Each structure stands twice: as structure tokens, then as C-alpha cells.
Amino acid sequence: MIRPADPAGDAATCAAIYRPHVHGPASFEEVAPGAAKMGERIARVMATHPWLVAEVDGEVVGFAYASPHRERAAYRWACDVAVYVDHGHRRCGVGRELYEALLPLLRERGFHVACAGITLPNDASVRLHQSLDFEPVGVYREIGWKAGAWRDVGWWQLRLGSAGGVPAEPLLPVRR
């Protein structure tokens with residue numbers, strides 16, 4: 001089951017799912033957020049963008065969210081997306097299901113492009129994004145020092161809206 005996150009009720013589990021990514025090279029954060037900080041993060045993101053969780057047998061096993069791509073006004077039709085899945089549920093389709101629920105919400109809200117940054121190498125994440133029609137658009141070489149090495153971040157994007165025309169304002173905040 002895919003549903004909107006509950007900042008209070010899902011924070012601890014989302015923090016636990018995210019923690020191993022912080023301790024490895026996938027996330028450029030250096031300190032994993034605890035439940036309180038994750039709850040604040042979920043609430044802040046959900047003020048403008050969706051944050052979804054996936055449940056299996058009543059247990060949260062993954063989450064996906066969108067966030068602003070950049071602060072300058074002309075970027076308001078673009079968003080960044082991310083998905084994180086509990087180690088025991090990877091390669092079971094949870095990440096795909098989360099994105100298949102998230103991306104239509106972004107289209108409905110009027111976003112034009114979704115961007116995904118992937119620390120390289122990460123073949124599983126690259127395959128997931130490309131299977132959903134994200135296209136590679138570039139690589140930031142040696143952009144971050146993490147886990148004892150310089151890390152590259154590849155960028156993929158997916159056009160959510162049709163090409164051309166004058167866009168309508170994105171519908172913000174996202175209502176629950």
C-alpha cells in the first residue's frame with residue numbers, strides 16, 4: 001500500500017530506512033537524522049510537495065518524496081525526487097511502486113520536470129530511473145567527499161508536462 005506520510009507516525013521508520021544510506025556513499029549527509037529531525041523534514045517537504053510511504057503487511061518499508069529543485073523562481077516547475085527502500089525489501093518493486101504513485105501526483109500539481117541525483121556507481125538506482133523513462137543529463141564529477149573517496153553524482157530527468165506553451169503555476173501547497 002502506498003499512502004501519504006504521517007510526519008509524526010512515520011518519522012522513526014523513515015529515519016531507520018534512511019540511516020544506512022547516510023553511513024554509505026549514497027547520501028551526502030554526514031549525520032543521519034533521528035526521528036524528530038526526520039519528522040520535521042517530512043512536515044516541511046509536505047507543505048509544498050508529496051512524501052509517500054510504502055507499507056507491506058502494515059510495516060513501512062520505503063519512502064519517496066519530491067522537493068524543490070532550486071530556490072530561484074524560474075525553477076518552480078522543476079522538482080527533485082528521491083526514493084529509499086529498506087534493505088530487506090530492495091529489488092521487490094517497492095521503489096517502482098513509490099515512483100509510480102509519486103510521479104502522477106507531480107503531474108497533477110503542474111510540475112514540468114522531475115530531477116534525480118544518483119551517487120555513482122549505483123546500477124540498481126540507475127536502472128530504476130531509466131526504466132521509468134528518466135533520461136541522463138549529466139554528471140557532476142568528484143562533487144562530494146564521502147566514505148573515503150571523491151564521489152560523482154549523475155543527474156537524470158523526466159519531463160512530466162508537455163513541451164512548449166506557457167505553464168500554469170504549480171499548485172502549492174500540496175493538500176493532504
# chains A, B, ... in the order shown; residues from 1 in each chain; ligands from 1
>>> residues_around(residues="A:Glu97", least_positions_apart="2", cutoff="10 Å", atoms="only C-alpha atoms", output="list of chain:residue names")
A:Met1, A:Ile2, A:Ala54, A:Gly62, A:Ala64, A:Cys92, A:Gly93, A:Val94, A:Gly95, A:Tyr99, A:Glu100, A:Ala101, A:Leu102
>>> write_last_selection(atoms="N, CA and C atoms", output="PDB file, in the first residue's frame")
ATOM      1  N   MET A   1       0.848  -1.176   0.000  1.00  0.00           N
ATOM      2  CA  MET A   1       0.000   0.000   0.000  1.00  0.00           C
ATOM      3  C   MET A   1       0.898   1.245   0.000  1.00  0.00           C
ATOM      4  N   ILE A   2       0.549   2.200  -0.820  1.00  0.00           N
ATOM      5  CA  ILE A   2       1.245   3.482  -0.876  1.00  0.00           C
ATOM      6  C   ILE A   2       0.297   4.535  -0.309  1.00  0.00           C
ATOM      7  N   ALA A  54       5.577   3.417   1.563  1.00  0.00           N
ATOM      8  CA  ALA A  54       5.067   2.119   1.119  1.00  0.00           C
ATOM      9  C   ALA A  54       4.979   1.214   2.334  1.00  0.00           C
ATOM     10  N   GLY A  62       9.527   1.668   2.793  1.00  0.00           N
ATOM     11  CA  GLY A  62      10.187   2.583   1.871  1.00  0.00           C
ATOM     12  C   GLY A  62       9.451   3.901   1.818  1.00  0.00           C
ATOM     13  N   ALA A  64       9.272   7.778  -0.700  1.00  0.00           N
ATOM     14  CA  ALA A  64       9.686   8.601  -1.833  1.00  0.00           C
ATOM     15  C   ALA A  64       9.087   9.981  -1.634  1.00  0.00           C
ATOM     16  N   CYS A  92      12.311  -5.653  -4.951  1.00  0.00           N
ATOM     17  CA  CYS A  92      10.996  -6.299  -4.879  1.00  0.00           C
ATOM     18  C   CYS A  92       9.924  -5.436  -5.532  1.00  0.00           C
ATOM     19  N   GLY A  93      10.309  -4.322  -6.160  1.00  0.00           N
ATOM     20  CA  GLY A  93       9.356  -3.443  -6.825  1.00  0.00           C
ATOM     21  C   GLY A  93       8.832  -2.308  -5.971  1.00  0.00           C
ATOM     22  N   VAL A  94       9.308  -2.180  -4.729  1.00  0.00           N
ATOM     23  CA  VAL A  94       8.802  -1.129  -3.837  1.00  0.00           C
ATOM     24  C   VAL A  94       9.173   0.249  -4.372  1.00  0.00           C
ATOM     25  N   GLY A  95      10.405   0.429  -4.794  1.00  0.00           N
ATOM     26  CA  GLY A  95      10.828   1.727  -5.326  1.00  0.00           C
ATOM     27  C   GLY A  95      10.018   2.125  -6.547  1.00  0.00           C
ATOM     28  N   TYR A  99       7.492   5.410  -6.939  1.00  0.00           N
ATOM     29  CA  TYR A  99       7.595   6.389  -8.023  1.00  0.00           C
ATOM     30  C   TYR A  99       6.335   6.402  -8.884  1.00  0.00           C
ATOM     31  N   GLU A 100       5.740   5.253  -9.126  1.00  0.00           N
ATOM     32  CA  GLU A 100       4.526   5.212  -9.955  1.00  0.00           C
ATOM     33  C   GLU A 100       3.348   5.894  -9.268  1.00  0.00           C
ATOM     34  N   ALA A 101       3.410   6.046  -7.960  1.00  0.00           N
ATOM     35  CA  ALA A 101       2.403   6.832  -7.234  1.00  0.00           C
ATOM     36  C   ALA A 101       2.807   8.304  -7.150  1.00  0.00           C
ATOM     37  N   LEU A 102       4.097   8.576  -6.991  1.00  0.00           N
ATOM     38  CA  LEU A 102       4.582   9.945  -6.828  1.00  0.00           C
ATOM     39  C   LEU A 102       4.509  10.758  -8.114  1.00  0.00           C
TER      40      LEU A 102
END
>>> residues_around(residues="A:Thr13", least_positions_apart="4", cutoff="10 Å", atoms="only C-alpha atoms", output="ChimeraX atom specification")
/A:9,17-19,34-35,38,53,59-63,86
>>> residues_around(residues="A:Gly148", least_positions_apart="3", cutoff="12 Å", atoms="only C-alpha atoms", output="VMD selection string")
chain A and resid 23 to 25 144 to 145 151
>>> write_last_selection(atoms="N, CA and C atoms", output="CSV table (one decimal), in the first residue's frame")
chain,number,residue,atom,x,y,z
A,23,HIS,N,25.2,6.4,6.1
A,23,HIS,CA,26.5,5.8,6.5
A,23,HIS,C,27.3,5.3,5.4
A,24,GLY,N,26.7,5.2,4.2
A,24,GLY,CA,27.4,4.8,3.0
A,24,GLY,C,27.5,6.0,2.1
A,25,PRO,N,27.9,5.8,0.8
A,25,PRO,CA,28.1,6.9,-0.1
A,25,PRO,C,26.8,7.5,-0.8
A,144,GLY,N,31.5,15.4,-4.3
A,144,GLY,CA,31.5,15.3,-2.9
A,144,GLY,C,32.4,14.3,-2.3
A,145,TRP,N,33.0,14.5,-1.2
A,145,TRP,CA,33.9,13.6,-0.5
A,145,TRP,C,33.0,12.8,0.5
A,151,ARG,N,33.2,11.5,-4.8
A,151,ARG,CA,32.1,10.8,-5.5
A,151,ARG,C,31.5,11.6,-6.6
>>> residues_around(residues="stretch 46-50 of chain A", least_positions_apart="2", cutoff="10 Å", atoms="only C-alpha atoms", output="ChimeraX atom specification")
/A:4-7,40-44,52,64-68,79-81,102-103,105-106,109,170-176
>>> residues_around(residues="A:Ser27", least_positions_apart="2", cutoff="12 Å", atoms="only C-alpha atoms", output="PyMOL selection string")
chain A and resi 18-25+29-33+82-84+117-120+122+144-147+151-153
>>> residues_around(residues="A:Ala168", least_positions_apart="6", cutoff="12 Å", atoms="only C-alpha atoms", output="PyMOL selection string")
chain A and resi 76-77+107-112+161-162
>>> atom_distance(atom1="atom CA of A:Cys115", atom2="atom CA of A:Leu158")
6.6 Å
